[in-house]
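Notes follow once the structure below has been shown.
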Amino acid sequence: MSTTQQQKSYHNVFFARQPIFNHKMKIWGYELFYRQAEGSDSATYIDEFKATMEVMSGLALSPDDKFNTAKTIINFSKQGIFENLPLSLHPQTTVVQFSDPEKVSPELIESVSILKERGYTISLDDYNARHENIELYKLADIMTLNISEIDSADITQRIQTISGLKASYLAKKVENAEQFKSVKESGFAYYQGYFFKRPTTEVRRKISSNELLRFNLMEMLNNDDLDLGELSKTIEKDVSLSARLLNLLNSPAYGLTAKISSVQQAVVYLGWEQLKHWLRMVLLTDMKQPGKSAELTRLSLQRAKVLEMLDGYSGTHKNDERLFLVGLFSLLDAMLEMPMNLVVERLSALDETIRETLNGGETRFEPWLSLIEAMEESDWGKVGAMAATLDLEAADIMKCYKEALEWSNTVLTSM
């Protein structure tokens, strides 16, 4: 094998992360999902644990660059536990998760005890409440239950079967607000699933004057014949938006010698393209309803950037800026607590193909949105199918996902 061939020997690795919330709907941590892609052209074998380490070494898993606030859940097999693979990760932020085994060996107890002594949080996935595993359960900090696979009576039984355990409970596959309420009442401390991305109600609600102004601004940004003078006057009606725009331009980051003292000056200075980009970011951030997770905003930004970047790698077509808007607006229903069809009605100036895609139509953009949704839910079979449809390589998807994650964190920090 030539040196060049050796340098190119690798396994593509798909990865995604899902947020985990506490009872206050604040981010407690993220679970990292990974999978080696099928059909790799590599001659060098890298097992899934080492592949996970490769992904983690270059991935900012937590919005906090210093990993001070969010936990990271990583799944390991028993062999990975025996080989002490978790020891390469920081104990204060790493949650070591593995499946509740049918049989507990002395070697497993010893290995888990070492991790526990080193300060790692231990999580048992698919907790089964087996009395013969009680020695292992006493070492666990978190018990995870997949509530989509067991009924409420079984959930209660598993929690109550073995008394005296100090572990907290994590509910995964929480699909909607009703399930979220139910598991909270059952004593779960942490929650994971699709529920945070879906509206909690389908009832028509009154649009506030502040929201109406932001919808109007969003409409104006989608109008190719926009009058910048009219845009300036609309921004001036929002004191908060005006102050943020002026503070941005008068900050050291821009280094202007002359102070920008009016919104009209700011609009002229930034120019249409840069102003449009900035306003979309700010408006999206501000549209989040009270009590909704900021993760929705982060995910919207991440979706937008991933789709924008992947478009450049696809062999199907290139450089369609509408993909950015598809990702950016794809969670507005959950953010605004409104059905998507009503959101789209408010954005009548939006491109028709984008509107149809957001409403669930089969458009040229639908496979792209399906790809990113499959990534977020770690549905690797669907990811592979969508990637093939869009003529995308696994390595490019991984690269764009990582860079988009970092970009969305940076954008939110600057808002």
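Quick note on naming: the chains in the structure tokens go A, B, ... in the order shown, residues restart at 1 in each chain, and ligands are numbered from 1 in order of appearance.
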Which residues of stretch 201-302 of chain A have any atom within 12 Å of an atom in stretch 350-369 of chain A when counting only C-alpha atoms, and what is the closest pair of atoms for each, with the distance in Å to one decimal? Order the rows by chain and rising number and write it as a Markdown table.
```
| residue | atom | partner | partner_atom | distance |
| --- | --- | --- | --- | --- |
| A:Phe215 | CA | A:Leu350 | CA | 11.5 |
| A:Asn216 | CA | A:Leu350 | CA | 11.8 |
| A:Met218 | CA | A:Leu350 | CA | 9.0 |
| A:Glu219 | CA | A:Leu350 | CA | 7.1 |
| A:Met220 | CA | A:Leu350 | CA | 9.6 |
| A:Leu221 | CA | A:Leu350 | CA | 9.0 |
| A:Asn222 | CA | A:Leu350 | CA | 5.7 |
| A:Asn223 | CA | A:Leu350 | CA | 7.9 |
| A:Asp224 | CA | A:Leu350 | CA | 10.4 |
| A:Ser300 | CA | A:Leu369 | CA | 11.4 |
```
Store the residues of this selection in a file with N, CA, C and O atoms, as an mmCIF file, in the first residue's frame.
```cif
data_model
loop_
_atom_site.group_PDB
_atom_site.id
_atom_site.type_symbol
_atom_site.label_atom_id
_atom_site.label_comp_id
_atom_site.auth_asym_id
_atom_site.auth_seq_id
_atom_site.Cartn_x
_atom_site.Cartn_y
_atom_site.Cartn_z
ATOM 1 N N PHE A 215 -42.788 39.994 12.700
ATOM 2 C CA PHE A 215 -43.268 39.321 11.494
ATOM 3 C C PHE A 215 -43.182 40.254 10.284
ATOM 4 O O PHE A 215 -42.806 39.842 9.184
ATOM 5 N N ASN A 216 -43.545 41.513 10.503
ATOM 6 C CA ASN A 216 -43.469 42.483 9.414
ATOM 7 C C ASN A 216 -42.031 42.653 8.932
ATOM 8 O O ASN A 216 -41.776 42.763 7.724
ATOM 9 N N MET A 218 -39.663 40.408 9.206
ATOM 10 C CA MET A 218 -39.275 39.184 8.530
ATOM 11 C C MET A 218 -39.828 39.168 7.106
ATOM 12 O O MET A 218 -39.153 38.734 6.164
ATOM 13 N N GLU A 219 -41.045 39.672 6.937
ATOM 14 C CA GLU A 219 -41.637 39.779 5.609
ATOM 15 C C GLU A 219 -40.815 40.702 4.714
ATOM 16 O O GLU A 219 -40.558 40.399 3.547
ATOM 17 N N MET A 220 -40.408 41.832 5.268
ATOM 18 C CA MET A 220 -39.643 42.802 4.496
ATOM 19 C C MET A 220 -38.311 42.209 4.025
ATOM 20 O O MET A 220 -37.849 42.482 2.919
ATOM 21 N N LEU A 221 -37.703 41.382 4.864
ATOM 22 C CA LEU A 221 -36.416 40.784 4.516
ATOM 23 C C LEU A 221 -36.544 39.785 3.370
ATOM 24 O O LEU A 221 -35.553 39.472 2.705
ATOM 25 N N ASN A 222 -37.753 39.287 3.144
ATOM 26 C CA ASN A 222 -37.978 38.334 2.055
ATOM 27 C C ASN A 222 -38.468 39.011 0.778
ATOM 28 O O ASN A 222 -38.809 38.341 -0.192
ATOM 29 N N ASN A 223 -38.490 40.330 0.787
ATOM 30 C CA ASN A 223 -38.946 41.099 -0.370
ATOM 31 C C ASN A 223 -37.740 41.636 -1.131
ATOM 32 O O ASN A 223 -36.953 42.424 -0.606
ATOM 33 N N ASP A 224 -37.590 41.212 -2.369
ATOM 34 C CA ASP A 224 -36.440 41.641 -3.171
ATOM 35 C C ASP A 224 -36.485 43.116 -3.530
ATOM 36 O O ASP A 224 -35.456 43.706 -3.884
ATOM 37 N N SER A 300 -32.158 25.778 15.252
ATOM 38 C CA SER A 300 -32.563 26.428 14.006
ATOM 39 C C SER A 300 -31.361 26.996 13.271
ATOM 40 O O SER A 300 -31.218 26.837 12.052
#
```
Checklist line | Within 7 Å of A:Ser378 using only C-alpha atoms, minus same-chain residues under 4 positions, as number ranges by chain | finding: A: 16, 33, 374
Would you pick out the contacts of A:Leu412 at 12 Å or less, using only C-alpha atoms, so that residues sharing its chain but fewer than 4 positions from it are not included, and give the list as a CSV table (one decimal) with C-alpha atoms, in the first residue's frame?
```
chain,number,residue,atom,x,y,z
A,63,PRO,CA,-22.3,25.2,24.0
A,64,ASP,CA,-19.9,26.1,26.8
A,278,TRP,CA,-28.0,40.0,11.0
A,281,MET,CA,-30.5,36.0,13.4
A,282,VAL,CA,-31.8,38.6,15.9
A,284,LEU,CA,-35.2,34.4,15.2
A,285,THR,CA,-33.6,34.8,18.7
A,286,ASP,CA,-36.3,37.2,19.8
A,294,ALA,CA,-33.1,28.3,23.8
A,295,GLU,CA,-32.0,25.0,22.3
A,296,LEU,CA,-34.7,25.6,19.6
A,297,THR,CA,-32.9,28.8,18.5
A,298,ARG,CA,-29.6,27.1,18.6
A,299,LEU,CA,-30.9,24.1,16.6
A,300,SER,CA,-32.6,26.4,14.0
A,301,LEU,CA,-29.3,28.2,13.4
A,302,GLN,CA,-27.4,24.9,13.2
A,405,LEU,CA,-22.5,23.5,15.6
A,406,GLU,CA,-19.6,25.7,16.4
A,407,TRP,CA,-21.0,28.5,14.2
A,408,SER,CA,-24.4,28.5,15.9
```
Next item on the list: Quick one: pull the distance between atom CA of A:Lys173 and atom CA of A:Tyr194, Å, one decimal.
Entry: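 Atom CA of A:Lys173 sits 6.9 Å away from atom CA of A:Tyr194.
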